[in-house]
$ cat work_25.txt   # compact mmCIF, C-alpha atoms and all ligand atoms
# COMPACT_ATOMS: atom_id res chain seq x y z
CA MET C 65 24.19 -10.71 10.81
CA GLY C 66 23.47 -12.60 7.69
CA GLY C 67 20.09 -11.75 6.04
CA LYS C 68 20.05 -10.69 2.39
CA VAL C 69 17.96 -7.63 3.10
CA ASP C 70 17.67 -4.85 0.51
CA GLN C 71 18.89 -2.36 3.04
CA GLN C 72 19.44 1.10 1.61
CA VAL C 73 20.22 2.94 4.80
CA ASP C 74 22.20 0.94 7.25
CA PRO C 75 24.48 -1.59 5.64
CA GLY C 76 25.46 -2.65 9.15
CA LEU C 77 22.07 -4.27 9.64
CA ALA C 78 22.24 -6.51 6.61
CA GLN C 79 23.89 -6.68 3.24
CA ASN C 80 22.57 -5.14 0.04
CA VAL C 81 21.03 -7.36 -2.60
CA HIS C 82 21.50 -6.83 -6.28
CA PHE C 83 18.36 -5.85 -8.20
CA ASP C 84 18.32 -5.30 -11.95
CA GLY C 85 14.66 -4.40 -12.45
CA GLU C 86 12.87 -1.07 -12.44
CA TYR C 87 11.80 0.84 -9.36
CA ALA C 88 8.29 2.30 -9.16
CA ILE C 89 9.15 4.58 -6.22
CA VAL C 90 12.52 5.96 -5.18
CA VAL C 91 12.71 8.02 -1.97
CA GLU C 92 16.07 9.46 -1.00
CA GLY C 93 17.18 11.48 2.01
CA LEU C 94 13.63 12.24 3.14
CA THR C 95 13.18 14.40 6.23
CA ASN C 96 9.75 15.36 7.59
CA ARG C 97 9.16 17.59 10.60
CA PHE C 98 6.11 18.96 12.37
CA GLY C 99 7.41 21.85 14.46
CA GLU C 100 9.97 20.37 16.83
CA GLN C 101 8.92 16.79 16.07
CA VAL C 102 11.13 15.02 13.54
CA VAL C 103 9.14 12.16 11.99
CA HIS C 104 11.61 11.10 9.29
CA GLU C 105 15.31 11.83 9.06
CA ASN C 106 17.30 10.93 5.96
CA LEU C 107 14.87 8.13 5.08
CA SER C 108 15.44 6.17 1.87
CA LEU C 109 13.27 3.50 0.25
CA LYS C 110 13.00 1.87 -3.16
CA VAL C 111 9.83 0.05 -4.23
CA ARG C 112 10.24 -2.40 -7.08
CA ARG C 113 7.84 -2.40 -10.01
CA GLY C 114 5.26 -5.17 -9.75
CA GLU C 115 5.74 -5.97 -6.08
CA ILE C 116 3.43 -5.70 -3.11
CA LEU C 117 5.56 -3.95 -0.53
CA GLY C 118 4.24 -4.14 3.02
CA VAL C 119 5.16 -1.16 5.20
CA VAL C 120 5.26 -1.81 8.94
CA GLY C 121 6.36 0.02 12.06
CA GLY C 122 5.07 0.92 15.49
CA SER C 123 2.25 3.44 15.83
CA GLY C 124 3.42 6.95 15.05
CA THR C 125 6.61 5.91 13.24
CA GLY C 126 5.42 7.84 10.21
CA LYS C 127 4.01 5.27 7.79
CA SER C 128 1.08 7.44 6.74
CA VAL C 129 3.26 10.55 6.57
CA LEU C 130 5.62 8.63 4.28
CA MET C 131 2.72 7.66 2.02
CA ARG C 132 1.42 11.23 2.01
CA SER C 133 4.90 12.48 1.07
CA ILE C 134 5.12 10.03 -1.83
CA ILE C 135 1.75 11.12 -3.23
CA GLY C 136 2.59 14.79 -2.82
CA LEU C 137 0.19 15.61 0.04
CA GLN C 138 2.99 16.31 2.49
CA ILE C 139 5.82 18.61 1.45
CA PRO C 140 9.03 17.25 3.01
CA ALA C 141 11.66 19.44 4.63
CA GLU C 142 14.36 17.62 2.65
CA GLY C 143 14.81 14.78 0.19
CA THR C 144 13.78 13.69 -3.28
CA ILE C 145 10.90 11.45 -4.34
CA GLU C 146 10.52 9.91 -7.76
CA VAL C 147 7.39 8.00 -8.74
CA LEU C 148 7.24 6.02 -11.99
CA GLY C 149 10.39 7.79 -13.14
CA GLN C 150 9.04 11.28 -12.46
CA SER C 151 9.81 13.69 -9.64
CA ILE C 152 6.67 14.37 -7.63
CA ASP C 153 7.69 18.03 -7.54
CA ASP C 154 6.55 18.24 -11.17
CA ALA C 155 3.10 16.66 -11.05
CA VAL C 156 2.64 17.08 -14.79
CA ASP C 157 5.24 15.43 -17.01
CA PRO C 158 6.65 18.26 -19.18
CA ASP C 159 7.23 15.89 -22.15
CA GLU C 160 4.11 13.73 -22.05
CA GLY C 161 1.75 16.23 -20.40
CA VAL C 162 0.48 13.40 -18.17
CA ASP C 163 -0.41 14.23 -14.58
CA ILE C 164 1.44 11.72 -12.39
CA ARG C 165 -1.53 11.65 -9.99
CA SER C 166 -3.61 9.95 -12.68
CA ARG C 167 -1.18 7.01 -12.64
CA TRP C 168 -1.81 5.99 -9.04
CA GLY C 169 -4.82 5.13 -6.89
CA VAL C 170 -5.11 5.58 -3.14
CA LEU C 171 -7.22 3.80 -0.53
CA PHE C 172 -6.97 5.96 2.57
CA GLN C 173 -7.37 4.63 6.08
CA GLY C 174 -11.12 4.34 6.72
CA GLY C 175 -11.98 4.47 3.03
CA ALA C 176 -12.55 8.24 2.87
CA LEU C 177 -15.63 7.89 0.68
CA PHE C 178 -17.82 10.96 0.11
CA SER C 179 -20.88 10.18 2.24
CA THR C 180 -23.28 12.24 0.12
CA LEU C 181 -22.34 10.39 -3.07
CA THR C 182 -23.29 6.85 -4.09
CA VAL C 183 -20.56 4.26 -4.55
CA GLY C 184 -20.75 4.74 -8.32
CA GLN C 185 -20.51 8.53 -7.99
CA ASN C 186 -17.52 8.10 -5.66
CA VAL C 187 -15.76 5.99 -8.28
CA GLU C 188 -16.57 8.63 -10.89
CA VAL C 189 -14.91 11.49 -8.96
CA PRO C 190 -11.35 10.86 -10.26
CA LEU C 191 -12.72 10.18 -13.76
CA LYS C 192 -14.42 13.58 -13.76
CA GLN C 193 -11.27 15.23 -12.46
CA PHE C 194 -8.84 13.76 -14.96
CA TYR C 195 -11.08 12.93 -17.93
CA PRO C 196 -13.81 15.61 -17.99
CA GLU C 197 -14.40 14.90 -21.69
CA LEU C 198 -15.85 11.41 -21.01
CA SER C 199 -19.58 11.07 -21.66
CA ASP C 200 -21.84 10.44 -18.66
CA GLU C 201 -22.75 7.05 -20.09
CA LEU C 202 -19.15 5.89 -20.46
CA ARG C 203 -18.27 7.18 -16.98
CA HIS C 204 -21.19 5.26 -15.43
CA GLU C 205 -20.14 2.11 -17.34
CA ILE C 206 -16.53 2.38 -16.12
CA ALA C 207 -17.75 2.89 -12.54
CA ARG C 208 -20.00 -0.21 -12.73
CA TYR C 209 -17.06 -2.23 -14.11
CA LYS C 210 -14.69 -1.11 -11.33
CA VAL C 211 -17.29 -1.91 -8.67
CA ARG C 212 -17.67 -5.46 -10.05
CA LEU C 213 -13.88 -5.81 -10.32
CA THR C 214 -13.53 -5.47 -6.55
CA GLY C 215 -16.05 -8.26 -5.91
CA LEU C 216 -19.01 -6.03 -5.01
CA PRO C 217 -22.38 -6.79 -6.58
CA GLU C 218 -23.37 -4.30 -9.29
CA GLU C 219 -26.32 -3.12 -7.14
CA ALA C 220 -23.76 -1.64 -4.73
CA THR C 221 -23.07 1.06 -7.35
CA SER C 222 -26.26 2.92 -6.42
CA LYS C 223 -25.87 2.57 -2.64
CA TYR C 224 -24.59 5.25 -0.27
CA PRO C 225 -21.58 4.49 1.98
CA SER C 226 -23.87 4.47 5.06
CA GLU C 227 -25.75 1.52 3.53
CA LEU C 228 -22.58 -0.62 3.25
CA SER C 229 -20.80 -2.95 5.69
CA GLY C 230 -17.18 -2.19 6.67
CA GLY C 231 -15.85 -4.73 4.17
CA MET C 232 -18.03 -3.35 1.37
CA LYS C 233 -16.84 0.19 2.13
CA LYS C 234 -13.23 -0.96 1.75
CA ARG C 235 -14.05 -2.55 -1.59
CA ALA C 236 -15.85 0.62 -2.70
CA GLY C 237 -12.74 2.59 -1.73
CA LEU C 238 -10.66 0.14 -3.72
CA ALA C 239 -12.97 0.54 -6.73
CA ARG C 240 -12.40 4.29 -6.57
CA ALA C 241 -8.63 3.79 -6.24
CA LEU C 242 -8.76 1.66 -9.41
CA SER C 243 -10.95 4.06 -11.38
CA LEU C 244 -8.14 5.47 -13.53
CA ASP C 245 -6.46 2.10 -14.30
CA PRO C 246 -3.51 2.99 -12.07
CA GLU C 247 -0.06 1.45 -12.29
CA LEU C 248 0.52 2.02 -8.61
CA LEU C 249 -1.80 1.46 -5.68
CA PHE C 250 -1.42 2.92 -2.18
CA LEU C 251 -3.33 1.11 0.55
CA ASP C 252 -3.33 2.48 4.10
CA GLU C 253 -4.35 -0.27 6.53
CA PRO C 254 -6.91 -1.81 4.16
CA THR C 255 -7.90 -4.68 6.46
CA ALA C 256 -8.14 -2.68 9.71
CA GLY C 257 -11.54 -3.22 11.29
CA LEU C 258 -12.47 -6.19 9.10
CA ASP C 259 -13.30 -9.60 10.55
CA PRO C 260 -10.67 -12.29 9.78
CA ILE C 261 -12.70 -13.80 6.94
CA GLY C 262 -13.39 -10.40 5.38
CA ALA C 263 -9.72 -9.44 5.81
CA ALA C 264 -8.52 -12.66 4.15
CA ALA C 265 -10.94 -12.14 1.26
CA PHE C 266 -9.75 -8.55 0.82
CA ASP C 267 -6.14 -9.73 0.84
CA GLN C 268 -6.82 -12.29 -1.87
CA GLN C 269 -8.65 -9.65 -3.92
CA THR C 270 -5.62 -7.36 -3.63
CA ARG C 271 -3.18 -10.12 -4.65
CA GLY C 272 -5.41 -11.19 -7.55
CA LEU C 273 -5.84 -7.66 -8.88
CA THR C 274 -2.13 -6.93 -8.49
CA ASP C 275 -1.20 -9.97 -10.55
CA THR C 276 -3.92 -9.52 -13.16
CA LEU C 277 -3.48 -5.79 -13.66
CA GLY C 278 0.31 -5.75 -13.16
CA LEU C 279 0.12 -3.23 -10.31
CA THR C 280 2.76 -2.15 -7.84
CA VAL C 281 1.34 -1.86 -4.32
CA PHE C 282 2.55 0.21 -1.35
CA LEU C 283 0.62 -1.33 1.53
CA ILE C 284 0.71 0.02 5.07
CA THR C 285 -0.51 -2.57 7.53
CA HIS C 286 -0.41 -3.87 11.08
CA ASP C 287 -1.97 -7.14 9.89
CA LEU C 288 0.59 -9.95 10.14
CA ASP C 289 -1.62 -12.29 8.11
CA THR C 290 -1.59 -9.77 5.25
CA LEU C 291 2.20 -9.56 5.42
CA TYR C 292 2.61 -13.33 5.31
CA GLU C 293 -0.10 -13.98 2.73
CA ILE C 294 0.36 -11.38 0.02
CA CYS C 295 3.43 -9.17 0.49
CA ASP C 296 6.50 -9.85 -1.65
CA ARG C 297 8.72 -7.79 0.63
CA VAL C 298 8.32 -5.77 3.80
CA ALA C 299 9.85 -2.40 4.72
CA VAL C 300 10.32 -1.70 8.42
CA LEU C 301 10.06 1.87 9.73
CA ALA C 302 11.81 2.65 13.01
CA GLU C 303 14.25 5.24 14.32
CA LYS C 304 12.85 7.83 11.84
CA ARG C 305 13.87 5.84 8.78
CA VAL C 306 13.47 2.55 6.93
CA ILE C 307 15.73 0.25 8.90
CA ALA C 308 15.35 -2.78 6.61
CA VAL C 309 13.57 -4.07 3.51
CA GLY C 310 13.28 -7.71 2.51
CA THR C 311 11.20 -10.86 2.46
CA ILE C 312 10.06 -12.00 5.89
CA PRO C 313 12.70 -14.78 6.06
CA GLU C 314 15.33 -12.18 5.12
CA LEU C 315 14.11 -9.84 7.83
CA LEU C 316 14.05 -12.67 10.35
CA ALA C 317 17.69 -13.37 9.55
CA THR C 318 18.62 -9.95 10.99
CA ASP C 319 18.84 -9.56 14.72
CA HIS C 320 17.16 -6.17 15.07
CA PRO C 321 15.15 -6.42 18.31
CA TRP C 322 12.00 -4.74 16.95
CA ILE C 323 11.96 -6.98 13.87
CA GLN C 324 12.49 -10.08 15.99
CA GLU C 325 9.78 -9.11 18.44
CA TYR C 326 7.34 -8.24 15.66
CA PHE C 327 7.71 -11.33 13.48
CA ASN C 328 8.82 -13.82 16.11
CA GLY C 329 6.35 -12.81 18.83
CA PRO C 330 3.24 -14.94 19.50
CA ARG C 331 1.14 -13.19 16.83
CA GLY C 332 3.90 -13.39 14.23
CA ARG C 333 4.39 -17.09 14.87
CA ALA C 334 0.63 -17.70 14.71
CA ALA C 335 0.41 -15.90 11.35
CA MET C 336 3.34 -17.94 10.00
CA ALA C 337 1.78 -21.22 11.24
CA SER C 338 -1.55 -20.32 9.65
CA ARG C 339 0.16 -19.55 6.33
CA ASP C 340 2.06 -22.88 6.50
CA ARG C 341 -1.17 -24.80 7.22
CA ALA C 342 -2.89 -23.14 4.25
CA LYS C 343 0.06 -24.03 1.99
CA ALA C 344 0.05 -27.66 3.18
CA MET C 345 -3.69 -27.85 2.48
CA ASP C 346 -3.17 -26.40 -1.03
CA ASN C 347 -0.44 -28.96 -1.69
CA ARG C 348 -2.65 -31.83 -0.54
CA LEU C 349 -5.52 -30.59 -2.71
CA GLY C 350 -3.08 -30.22 -5.62
CA GLU C 351 -1.85 -33.78 -5.20
CA GLY C 352 -5.43 -35.09 -5.03
CA ALA C 353 -6.41 -33.27 -8.24
N1 LIG Q 401 -0.50 17.01 9.88
C1 LIG Q 401 0.21 16.70 10.98
N2 LIG Q 401 0.55 17.67 11.86
C2 LIG Q 401 1.29 17.39 12.94
N3 LIG Q 401 1.75 16.16 13.26
C3 LIG Q 401 1.43 15.18 12.43
C4 LIG Q 401 0.65 15.38 11.25
N4 LIG Q 401 0.53 14.20 10.61
C5 LIG Q 401 1.18 13.29 11.34
N5 LIG Q 401 1.72 13.86 12.43
C6 LIG Q 401 2.53 13.18 13.45
O1 LIG Q 401 3.52 12.43 12.78
C7 LIG Q 401 3.74 11.18 13.44
C8 LIG Q 401 3.59 10.04 12.45
O2 LIG Q 401 2.23 9.93 12.07
P1 LIG Q 401 1.69 8.79 11.10
O3 LIG Q 401 0.21 8.99 10.99
O4 LIG Q 401 2.46 8.80 9.83
O5 LIG Q 401 2.03 7.48 11.92
P2 LIG Q 401 1.75 5.97 11.53
O6 LIG Q 401 3.04 5.26 11.55
O7 LIG Q 401 0.97 5.91 10.26
O8 LIG Q 401 0.86 5.53 12.78
P3 LIG Q 401 -0.34 4.48 12.94
O9 LIG Q 401 0.26 3.13 12.76
O10 LIG Q 401 -0.81 4.71 14.35
O11 LIG Q 401 -1.40 4.81 11.91
C9 LIG Q 401 2.74 11.14 14.59
O12 LIG Q 401 3.42 11.50 15.79
C10 LIG Q 401 1.71 12.16 14.24
O13 LIG Q 401 1.13 12.75 15.37
$ encode --input "work_25.txt" --output "C-alpha cells"
Amino acid sequence: MGGKVDQQVDPGLAQNVHFDGEYAIVVEGLTNRFGEQVVHENLSLKVRRGEILGVVGGSGTGKSVLMRSIIGLQIPAEGTIEVLGQSIDDAVDPDEGVDIRSRWGVLFQGGALFSTLTVGQNVEVPLKQFYPELSDELRHEIARYKVRLTGLPEEATSKYPSELSGGMKKRAGLARALSLDPELLFLDEPTAGLDPIGAAAFDQQTRGLTDTLGLTVFLITHDLDTLYEICDRVAVLAEKRVIAVGTIPELLATDHPWIQEYFNGPRGRAAMASRDRAKAMDNRLGEGA
C-alpha cells in the first residue's frame, strides 16, 4: 500500500503525510450513538485551513451526524472537537467574547430556508441573531450584497423560497450561510437535486468564493463531479470512522475496496474523464490566447 494519504486513524491503510499549516477543525476520538446504534467510534479528522474537504461515504455512514457534531448540534458520547482553535464545548471564547457560531456558515441539506420569509429576510436572520445593534438599513444592504455574491439577481432578495427554482434556493441558502462573513463553511450535499449544468455552476461558485474569501469548506457530497472539480482533499467515512483522507490520486493509491469501487467504478471513471477533457480544453484555449 503506497498512497500518501493523511490518515489519522489507521496507519495500516496508508502512511501519514507531514503538514505544517494550521487546522480549521480537529476532531479526536469521536463516538456518537443513538440508543444501541453506534454511528461513530473513535473517529478522528483534521481539516486544513483554506481547503475544500469533500466528505464521502455510503448512505447512513454518519456524514451529517459528523457535521452536526462539529457545529455543536449533536452532543457526542465521547471525543473532543476544536473549531478554529476553540473547543465547541465553549461556544463563546472566554478571552475574546466571540461566539464561535458566528465564525461559520451552514448550508443544510435541502437549503432549510424559512418559507414565510423572503430570501433577504432569510439572509438577515443570522445578522439579527449575532448583531442586533445593526440598523435595518445596513442589514438590508448586507443581505442584498450577499444575495448578489452568490450569483442571484438582486430581485431575488424580495422573493419567497416557493418562488425560486431548486438551484436558486441553494444559492439563497448559500447567501444566508455567508451572511456573517464566515471563515468556515459547511455544505451538506449542496448539488443534490440540481441538473448537471446547475450543479457545475454551483461548484464553480463555491470554488470561486472559497478562493476569494479565503474560506475553509467542509463539503458532504455524493457528487463525483464535485469531488473531482473543486475538492482539494477527500475524507472517506466507513466502518464508523474516517478510514482515509487525501487527494483523489492518493486515495486511489490505497487498495481499500470501498475506495476503489467508489472512485474506480463507472461513475468515478466518467467523472475523471470529464475533468480531464475540461482541463485539455482549458489548455488548448490557453495556448490559443
Ligand atoms: N437524531 C437521530 N436519531 C436517531 N438516529 C439518527 C439521528 N440522526 C441520524 N441518525 C442515524 O445515524 C445514521 C447516520 O445518519 P447520517 O444522516 O449522518 O448519514 P449520512 O451519512 O449523512 O447519510 P446520507 O448519505 O444518506 O445523507 C443513520 O443510521 C441515521 O438513521
$ axis_aligned_box --input "work_25.txt" --around "ligand LIG 401 (chain Q)" --padding-each-side "5 Å" --output "lines of an AutoDock Vina configuration file"
center_x = 1.2
center_y = 10.4
center_z = 12.8
size_x = 15.1
size_y = 24.5
size_z = 16.0
$ residues_near_ligand --input "work_25.txt" --ligand "ligand LIG 401 (chain Q)" --cutoff "6 Å" --atoms "only C-alpha atoms and all ligand atoms" --output "PyMOL selection string"
chain C and resi 98+103+122-129
$ atom_distance --input "work_25.txt" --atom1 "atom CA of Gly175 of chain C" --atom2 "atom CA of Ala239 of chain C"
10.6 Å
$ closest_residue --input "work_25.txt" --among "C:Phe83, C:Tyr224, C:Phe282, C:Tyr326" --to "Leu171 of chain C" --atoms "only C-alpha atoms"
C:Phe282
$ atom_distance --input "work_25.txt" --atom1 "atom CA of Leu301 of chain C" --atom2 "atom CA of Gly118 of chain C"
10.7 Å
$ atom_distance --input "work_25.txt" --atom1 "atom CA of Arg212 of chain C" --atom2 "atom CA of Gln268 of chain C"
15.2 Å
$ closest_residue --input "work_25.txt" --among "C:Pro313, C:Gly262, C:Gly272, C:Gly99" --to "Ile294 of chain C" --atoms "only C-alpha atoms"
C:Gly272
$ closest_residue --input "work_25.txt" --among "C:Asp340, C:Glu146, C:Glu86, C:Glu253" --to "Gly174 of chain C" --atoms "only C-alpha atoms"
C:Glu253
$ closest_residue --input "work_25.txt" --among "C:Gly184, C:Gly278, C:Gly169, C:Gly230" --to "Val211 of chain C" --atoms "all atoms listed in the file"
C:Gly184
$ closest_residue --input "work_25.txt" --among "C:Lys223, C:Arg97, C:Lys110, C:His104" --to "Ala308 of chain C" --atoms "all atoms listed in the file"
C:Lys110
$ closest_residue --input "work_25.txt" --among "C:Leu258, C:Ala176, C:Leu148, C:Val300" --to "Leu315 of chain C" --atoms "only C-alpha atoms"
C:Val300
$ residues_around --input "work_25.txt" --residues "Glu218 of chain C" --least-positions-apart "4" --cutoff "12 Å" --atoms "only C-alpha atoms" --output "PyMOL selection string"
chain C and resi 183-184+204-214+222-223+232+236+239
$ residues_near_point --input "work_25.txt" --point "(17.4, 7.9, -10.2)" --cutoff "10 Å" --atoms "only C-alpha atoms" --output "list in words"
Tyr87, Ile89, Val90, Val91, Glu92, Thr144, Ile145, Glu146, Gly149, Gln150 and Ser151 of chain C
$ residues_around --input "work_25.txt" --residues "Ile139 of chain C" --least-positions-apart "4" --cutoff "9 Å" --atoms "all atoms listed in the file" --output "PDB file with C-alpha atoms, in the frame of the given file"
ATOM      1  CA  ASN C  96       9.750  15.360   7.590  1.00  0.00           C
ATOM      2  CA  ARG C 132       1.420  11.230   2.010  1.00  0.00           C
ATOM      3  CA  SER C 133       4.900  12.480   1.070  1.00  0.00           C
TER       4      SER C 133
END
$ residues_around --input "work_25.txt" --residues "Glu247 of chain C" --least-positions-apart "4" --cutoff "10 Å" --atoms "only C-alpha atoms" --output "PyMOL selection string"
chain C and resi 88+113-114+148+166-169+242+274+277-281
$ residues_around --input "work_25.txt" --residues "Ile312 of chain C" --least-positions-apart "3" --cutoff "7 Å" --atoms "all atoms listed in the file" --output "VMD selection string"
chain C and resid 297 to 298 315 to 316
$ build_atoms --input "work_25.txt" --residues "segment 159-181 of chain C" --atoms "N, CA and C atoms" --output "tab-separated table (two decimals), in the frame of the given file"
chain	number	residue	atom	x	y	z
C	159	ASP	N	7.15	16.47	-20.80
C	159	ASP	CA	7.23	15.89	-22.15
C	159	ASP	C	5.89	15.30	-22.57
C	160	GLU	N	5.33	14.47	-21.68
C	160	GLU	CA	4.11	13.73	-22.05
C	160	GLU	C	2.84	14.50	-21.72
C	161	GLY	N	2.95	15.49	-20.82
C	161	GLY	CA	1.75	16.23	-20.40
C	161	GLY	C	0.82	15.40	-19.53
C	162	VAL	N	1.33	14.27	-18.99
C	162	VAL	CA	0.48	13.40	-18.17
C	162	VAL	C	0.66	13.75	-16.70
C	163	ASP	N	-0.46	13.92	-16.01
C	163	ASP	CA	-0.41	14.23	-14.58
C	163	ASP	C	-0.10	12.93	-13.83
C	164	ILE	N	1.00	12.93	-13.09
C	164	ILE	CA	1.44	11.72	-12.39
C	164	ILE	C	0.35	11.19	-11.47
C	165	ARG	N	-0.48	12.08	-10.93
C	165	ARG	CA	-1.53	11.65	-9.99
C	165	ARG	C	-2.58	10.76	-10.65
C	166	SER	N	-2.64	10.81	-11.98
C	166	SER	CA	-3.61	9.95	-12.68
C	166	SER	C	-3.05	8.53	-12.85
C	167	ARG	N	-1.79	8.34	-12.45
C	167	ARG	CA	-1.18	7.01	-12.64
C	167	ARG	C	-1.15	6.20	-11.34
C	168	TRP	N	-1.72	6.77	-10.27
C	168	TRP	CA	-1.81	5.99	-9.04
C	168	TRP	C	-3.22	6.08	-8.46
C	169	GLY	N	-3.55	5.12	-7.61
C	169	GLY	CA	-4.82	5.13	-6.89
C	169	GLY	C	-4.52	4.98	-5.40
C	170	VAL	N	-5.37	5.59	-4.58
C	170	VAL	CA	-5.11	5.58	-3.14
C	170	VAL	C	-6.36	5.12	-2.38
C	171	LEU	N	-6.16	4.16	-1.48
C	171	LEU	CA	-7.22	3.80	-0.53
C	171	LEU	C	-6.76	4.29	0.83
C	172	PHE	N	-7.37	5.39	1.29
C	172	PHE	CA	-6.97	5.96	2.57
C	172	PHE	C	-7.53	5.13	3.72
C	173	GLN	N	-6.90	5.30	4.88
C	173	GLN	CA	-7.37	4.63	6.08
C	173	GLN	C	-8.85	5.01	6.29
C	174	GLY	N	-9.70	4.02	6.51
C	174	GLY	CA	-11.12	4.34	6.72
C	174	GLY	C	-11.91	4.51	5.44
C	175	GLY	N	-11.26	4.44	4.30
C	175	GLY	CA	-11.98	4.47	3.03
C	175	GLY	C	-12.13	5.85	2.44
C	176	ALA	N	-12.40	6.85	3.30
C	176	ALA	CA	-12.55	8.24	2.87
C	176	ALA	C	-13.49	8.41	1.69
C	177	LEU	N	-14.63	7.71	1.74
C	177	LEU	CA	-15.63	7.89	0.68
C	177	LEU	C	-16.44	9.16	0.97
C	178	PHE	N	-16.93	9.81	-0.08
C	178	PHE	CA	-17.82	10.96	0.11
C	178	PHE	C	-19.20	10.42	0.51
C	179	SER	N	-19.66	10.81	1.71
C	179	SER	CA	-20.88	10.18	2.24
C	179	SER	C	-22.13	10.62	1.49
C	180	THR	N	-22.07	11.76	0.82
C	180	THR	CA	-23.28	12.24	0.12
C	180	THR	C	-23.34	11.72	-1.31
C	181	LEU	N	-22.34	10.95	-1.72
C	181	LEU	CA	-22.34	10.39	-3.07
C	181	LEU	C	-22.54	8.88	-3.00
